[in-house]
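Here the structure comes first, spelled out in structure tokens, and everything after it is commentary.
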Amino acid sequence: MPSSESAVVQATPAGPESVRLVAQLGAGVLESVATRFGVEVVLIEKDQDIAGSYWGDSEAGLIANRLYVRADTPVHSALHELCHYVCMASTTRAKLDTNAGGDYDEENGVCYLQILLADQLSSMTRERMFRDMDVWGYTFRLGSARAWFEQDAEDARAWLIHYQLIDLTSQPTWQLREQE
């Protein structure tokens, strides 16, 4: 039975060498999804800090409608931050700088949409996203991203449908959340 508690908590990363990295996607792949939401992907040089990164290190950053990544940024991190942008209310998006905020329901929606969007990236699939989320240290009540998504995420799916971010067949609508 779905709970109002957050399904996921970011834990200490296991290490970027074991997850798919932005550099492994190929040129323009991440951009092809991000631009559908009006988000510009900004590639940061190798040894530079990532602007707008809440977690630091190689984790993606978000300021306004810009998603900051490096070649060593995990794809799950880039999609997670992109999905925060999509899932936040327009009033939050208007002043976005680093901390996407959001409540438990929004965070669950972000994780669910992140998994769906993985299918939109060549060389990244839903299966790979489940694996990478588990390896990186996302913590789910049922023990894995897959188990949560398949057995305990109906509330996250309903939240995304309510805000018209996915349709009834769980396909992205390519719209941004507007209302509170």
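We name chains A, B, ... following the order of the structure tokens; residues begin at 1 in each chain, and ligands are numbered from 1 as shown.
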
* If we count only C-alpha atoms, what is near segment 43-60 of chain A at a cut-off of 8 Å, once residues fewer than 4 positions away on the same chain are taken out, given as a ChimeraX atom specification? -> /A:67-74,77-78,81,97-99

Can I get the selected residues back with C-alpha atoms, as a PDB file, in the first residue's frame?
ATOM      1  CA  LEU A  67      20.938  21.997 -16.014  1.00  0.00           C
ATOM      2  CA  TYR A  68      24.662  21.944 -15.249  1.00  0.00           C
ATOM      3  CA  VAL A  69      26.575  18.702 -15.779  1.00  0.00           C
ATOM      4  CA  ARG A  70      30.105  17.459 -16.366  1.00  0.00           C
ATOM      5  CA  ALA A  71      31.176  14.428 -18.364  1.00  0.00           C
ATOM      6  CA  ASP A  72      31.459  12.533 -15.046  1.00  0.00           C
ATOM      7  CA  THR A  73      27.958  13.464 -13.867  1.00  0.00           C
ATOM      8  CA  PRO A  74      25.803  10.366 -13.393  1.00  0.00           C
ATOM      9  CA  SER A  77      21.597  12.765 -11.259  1.00  0.00           C
ATOM     10  CA  ALA A  78      21.043  14.776 -14.434  1.00  0.00           C
ATOM     11  CA  GLU A  81      17.462  17.431 -11.373  1.00  0.00           C
ATOM     12  CA  ASP A  97      18.807  28.378  -7.664  1.00  0.00           C
ATOM     13  CA  THR A  98      20.397  25.102  -6.531  1.00  0.00           C
ATOM     14  CA  ASN A  99      17.818  23.822  -4.021  1.00  0.00           C
TER      15      ASN A  99
END

Mind checking which residues fall within 7 Å of Phe37 of chain A, counting only C-alpha atoms, ignoring those fewer than 5 positions away in the same chain, and posting them as a PDB file with C-alpha atoms, in the first residue's frame?
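Dumped everything to result_33.pdb:
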ATOM      1  CA  TRP A 174       6.392  17.130 -22.036  1.00  0.00           C
ATOM      2  CA  GLN A 175       4.677  19.826 -19.981  1.00  0.00           C
ATOM      3  CA  LEU A 176       5.845  21.596 -16.838  1.00  0.00           C
TER       4      LEU A 176
END

Which residues of segment 112-150 of chain A come within 10 Å of segment 18-35 of chain A, and what is each one's closest atom pair and distance in Å (one decimal), counting only C-alpha atoms, sorted by chain and residue number, as a Markdown table?
| residue | atom | partner | partner_atom | distance |
| --- | --- | --- | --- | --- |
| A:Leu117 | CA | A:Val33 | CA | 8.0 |
| A:Ala118 | CA | A:Val33 | CA | 9.7 |
| A:Gln120 | CA | A:Val33 | CA | 7.1 |
| A:Leu121 | CA | A:Val29 | CA | 6.2 |
| A:Ser122 | CA | A:Val29 | CA | 6.9 |
| A:Ser123 | CA | A:Leu25 | CA | 6.3 |
| A:Met124 | CA | A:Leu25 | CA | 7.5 |
| A:Arg128 | CA | A:Arg20 | CA | 8.2 |
| A:Met129 | CA | A:Arg20 | CA | 8.7 |
| A:Arg131 | CA | A:Val19 | CA | 8.1 |
| A:Asp132 | CA | A:Val19 | CA | 5.3 |
| A:Met133 | CA | A:Val19 | CA | 8.4 |
| A:Asp134 | CA | A:Val19 | CA | 9.7 |
| A:Val135 | CA | A:Val19 | CA | 7.2 |
| A:Trp136 | CA | A:Val19 | CA | 7.4 |

Mind dumping the selected residues with N, CA and C atoms as a PDB file, in the first residue's frame?
ATOM      1  N   LEU A 117      11.701   8.777 -17.900  1.00  0.00           N
ATOM      2  CA  LEU A 117      12.505   9.505 -18.889  1.00  0.00           C
ATOM      3  C   LEU A 117      13.762   8.741 -19.291  1.00  0.00           C
ATOM      4  N   ALA A 118      14.208   7.812 -18.470  1.00  0.00           N
ATOM      5  CA  ALA A 118      15.381   7.010 -18.846  1.00  0.00           C
ATOM      6  C   ALA A 118      15.133   6.282 -20.165  1.00  0.00           C
ATOM      7  N   GLN A 120      13.754   7.440 -22.652  1.00  0.00           N
ATOM      8  CA  GLN A 120      13.842   8.409 -23.749  1.00  0.00           C
ATOM      9  C   GLN A 120      15.290   8.653 -24.187  1.00  0.00           C
ATOM     10  N   LEU A 121      16.242   8.105 -23.456  1.00  0.00           N
ATOM     11  CA  LEU A 121      17.658   8.314 -23.747  1.00  0.00           C
ATOM     12  C   LEU A 121      18.255   7.060 -24.377  1.00  0.00           C
ATOM     13  N   SER A 122      18.867   7.220 -25.540  1.00  0.00           N
ATOM     14  CA  SER A 122      19.544   6.065 -26.121  1.00  0.00           C
ATOM     15  C   SER A 122      20.668   5.647 -25.189  1.00  0.00           C
ATOM     16  N   SER A 123      20.889   4.383 -25.053  1.00  0.00           N
ATOM     17  CA  SER A 123      21.887   3.748 -24.191  1.00  0.00           C
ATOM     18  C   SER A 123      21.540   3.853 -22.703  1.00  0.00           C
ATOM     19  N   MET A 124      20.376   4.345 -22.392  1.00  0.00           N
ATOM     20  CA  MET A 124      19.905   4.381 -21.001  1.00  0.00           C
ATOM     21  C   MET A 124      18.483   3.857 -21.039  1.00  0.00           C
ATOM     22  N   ARG A 128      18.291   0.086 -16.647  1.00  0.00           N
ATOM     23  CA  ARG A 128      19.581   0.660 -16.244  1.00  0.00           C
ATOM     24  C   ARG A 128      19.370   1.709 -15.151  1.00  0.00           C
ATOM     25  N   MET A 129      18.297   2.491 -15.243  1.00  0.00           N
ATOM     26  CA  MET A 129      18.016   3.494 -14.217  1.00  0.00           C
ATOM     27  C   MET A 129      17.751   2.823 -12.878  1.00  0.00           C
ATOM     28  N   ARG A 131      18.952   0.031 -11.802  1.00  0.00           N
ATOM     29  CA  ARG A 131      20.249  -0.438 -11.334  1.00  0.00           C
ATOM     30  C   ARG A 131      21.093   0.720 -10.808  1.00  0.00           C
ATOM     31  N   ASP A 132      21.175   1.787 -11.583  1.00  0.00           N
ATOM     32  CA  ASP A 132      22.015   2.918 -11.191  1.00  0.00           C
ATOM     33  C   ASP A 132      21.512   3.592  -9.921  1.00  0.00           C
ATOM     34  N   MET A 133      20.209   3.702  -9.782  1.00  0.00           N
ATOM     35  CA  MET A 133      19.657   4.299  -8.561  1.00  0.00           C
ATOM     36  C   MET A 133      20.012   3.442  -7.347  1.00  0.00           C
ATOM     37  N   ASP A 134      19.913   2.143  -7.492  1.00  0.00           N
ATOM     38  CA  ASP A 134      20.260   1.240  -6.382  1.00  0.00           C
ATOM     39  C   ASP A 134      21.749   1.309  -6.062  1.00  0.00           C
ATOM     40  N   VAL A 135      22.586   1.272  -7.093  1.00  0.00           N
ATOM     41  CA  VAL A 135      24.035   1.312  -6.895  1.00  0.00           C
ATOM     42  C   VAL A 135      24.456   2.617  -6.235  1.00  0.00           C
ATOM     43  N   TRP A 136      23.859   3.720  -6.641  1.00  0.00           N
ATOM     44  CA  TRP A 136      24.261   5.029  -6.140  1.00  0.00           C
ATOM     45  C   TRP A 136      23.871   5.228  -4.681  1.00  0.00           C
TER      46      TRP A 136
END

* **Polymer residues at most 12 Å from Cys111 of chain A, only C-alpha atoms, same-chain spacing of 6 or more positions, as a count of residues only** => 37

* d(atom CA of His162 of chain A, atom CA of Gly38 of chain A) in Å -> 21.0 Å

* Per DSSP on the backbone, filter chain A down to the residues in strand (DSSP E) and report them as a list in words. => Glu40, Val41, Val42, Leu43, Gly61, Leu62, Ile63, Arg66, Leu67, Tyr68 and Val69 of chain A

Residues from the last selection, N, CA and C atoms, saved as a compact mmCIF listing (two decimals), in the first residue's frame:
# COMPACT_ATOMS: atom_id res chain seq x y z
N GLU A 40 18.08 24.16 -20.78
CA GLU A 40 19.36 24.17 -21.47
C GLU A 40 20.36 23.35 -20.67
N VAL A 41 21.03 22.43 -21.32
CA VAL A 41 22.08 21.65 -20.67
C VAL A 41 23.40 22.39 -20.86
N VAL A 42 24.07 22.65 -19.75
CA VAL A 42 25.35 23.36 -19.79
C VAL A 42 26.43 22.38 -19.33
N LEU A 43 27.35 22.07 -20.24
CA LEU A 43 28.44 21.15 -19.92
C LEU A 43 29.61 21.92 -19.31
N GLY A 61 23.65 20.16 -11.39
CA GLY A 61 23.20 21.40 -10.77
C GLY A 61 22.04 22.01 -11.54
N LEU A 62 21.30 22.87 -10.88
CA LEU A 62 20.11 23.46 -11.48
C LEU A 62 19.98 24.91 -11.03
N ILE A 63 20.03 25.81 -11.99
CA ILE A 63 19.78 27.23 -11.74
C ILE A 63 18.89 27.72 -12.87
N ARG A 66 18.57 26.09 -16.44
CA ARG A 66 19.84 25.52 -16.89
C ARG A 66 20.21 24.33 -16.01
N LEU A 67 20.50 23.22 -16.67
CA LEU A 67 20.94 22.00 -16.01
C LEU A 67 22.44 21.88 -16.24
N TYR A 68 23.21 21.96 -15.17
CA TYR A 68 24.66 21.94 -15.25
C TYR A 68 25.17 20.53 -14.99
N VAL A 69 26.00 20.04 -15.90
CA VAL A 69 26.58 18.70 -15.78
C VAL A 69 28.03 18.73 -16.24

Apply DSSP to the backbone of this structure and, from segment 23-54 of chain A, keep only the residues in helix (DSSP H, G or I); write these as a compact mmCIF listing (two decimals) with N, CA and C atoms, in the first residue's frame.
# COMPACT_ATOMS: atom_id res chain seq x y z
N ALA A 23 28.87 11.48 -20.14
CA ALA A 23 29.78 11.30 -21.28
C ALA A 23 29.47 10.03 -22.06
N GLN A 24 28.89 9.05 -21.42
CA GLN A 24 28.58 7.78 -22.08
C GLN A 24 27.30 7.82 -22.90
N VAL A 29 22.30 13.69 -26.61
CA VAL A 29 21.25 12.79 -26.13
C VAL A 29 20.49 13.40 -24.95
N LEU A 30 21.20 13.85 -23.94
CA LEU A 30 20.55 14.48 -22.79
C LEU A 30 19.84 15.75 -23.22
N GLU A 31 20.47 16.51 -24.08
CA GLU A 31 19.89 17.76 -24.57
C GLU A 31 18.57 17.51 -25.30
N SER A 32 18.45 16.40 -26.02
CA SER A 32 17.23 16.11 -26.77
C SER A 32 16.01 15.96 -25.87
N VAL A 33 16.22 15.50 -24.66
CA VAL A 33 15.12 15.39 -23.69
C VAL A 33 14.94 16.71 -22.94
N ALA A 34 16.01 17.29 -22.48
CA ALA A 34 15.94 18.52 -21.68
C ALA A 34 15.28 19.66 -22.45
N THR A 35 15.62 19.83 -23.71
CA THR A 35 15.07 20.95 -24.48
C THR A 35 13.57 20.83 -24.68
N ARG A 36 13.04 19.62 -24.61
CA ARG A 36 11.58 19.45 -24.72
C ARG A 36 10.86 20.10 -23.54
N PHE A 37 11.59 20.30 -22.45
CA PHE A 37 11.03 20.97 -21.27
C PHE A 37 11.51 22.42 -21.15

* Asked: Which one is closest to Val75 of chain A: A:Ile115, A:Leu165, A:Ala158, A:Val39? Count only C-alpha atoms.
  ->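 For Val75 of chain A, the nearest of the candidates is A:Ile115.
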
* Which polymer residues have any atom within 9 Å of an atom of Met88 of chain A, counting only C-alpha atoms, with same-chain residues fewer than 6 positions away left out, as a list in words? -> Ala100, Gly101, Gly102, Glu106, Leu176, Arg177, Glu178, Gln179 and Glu180 of chain A
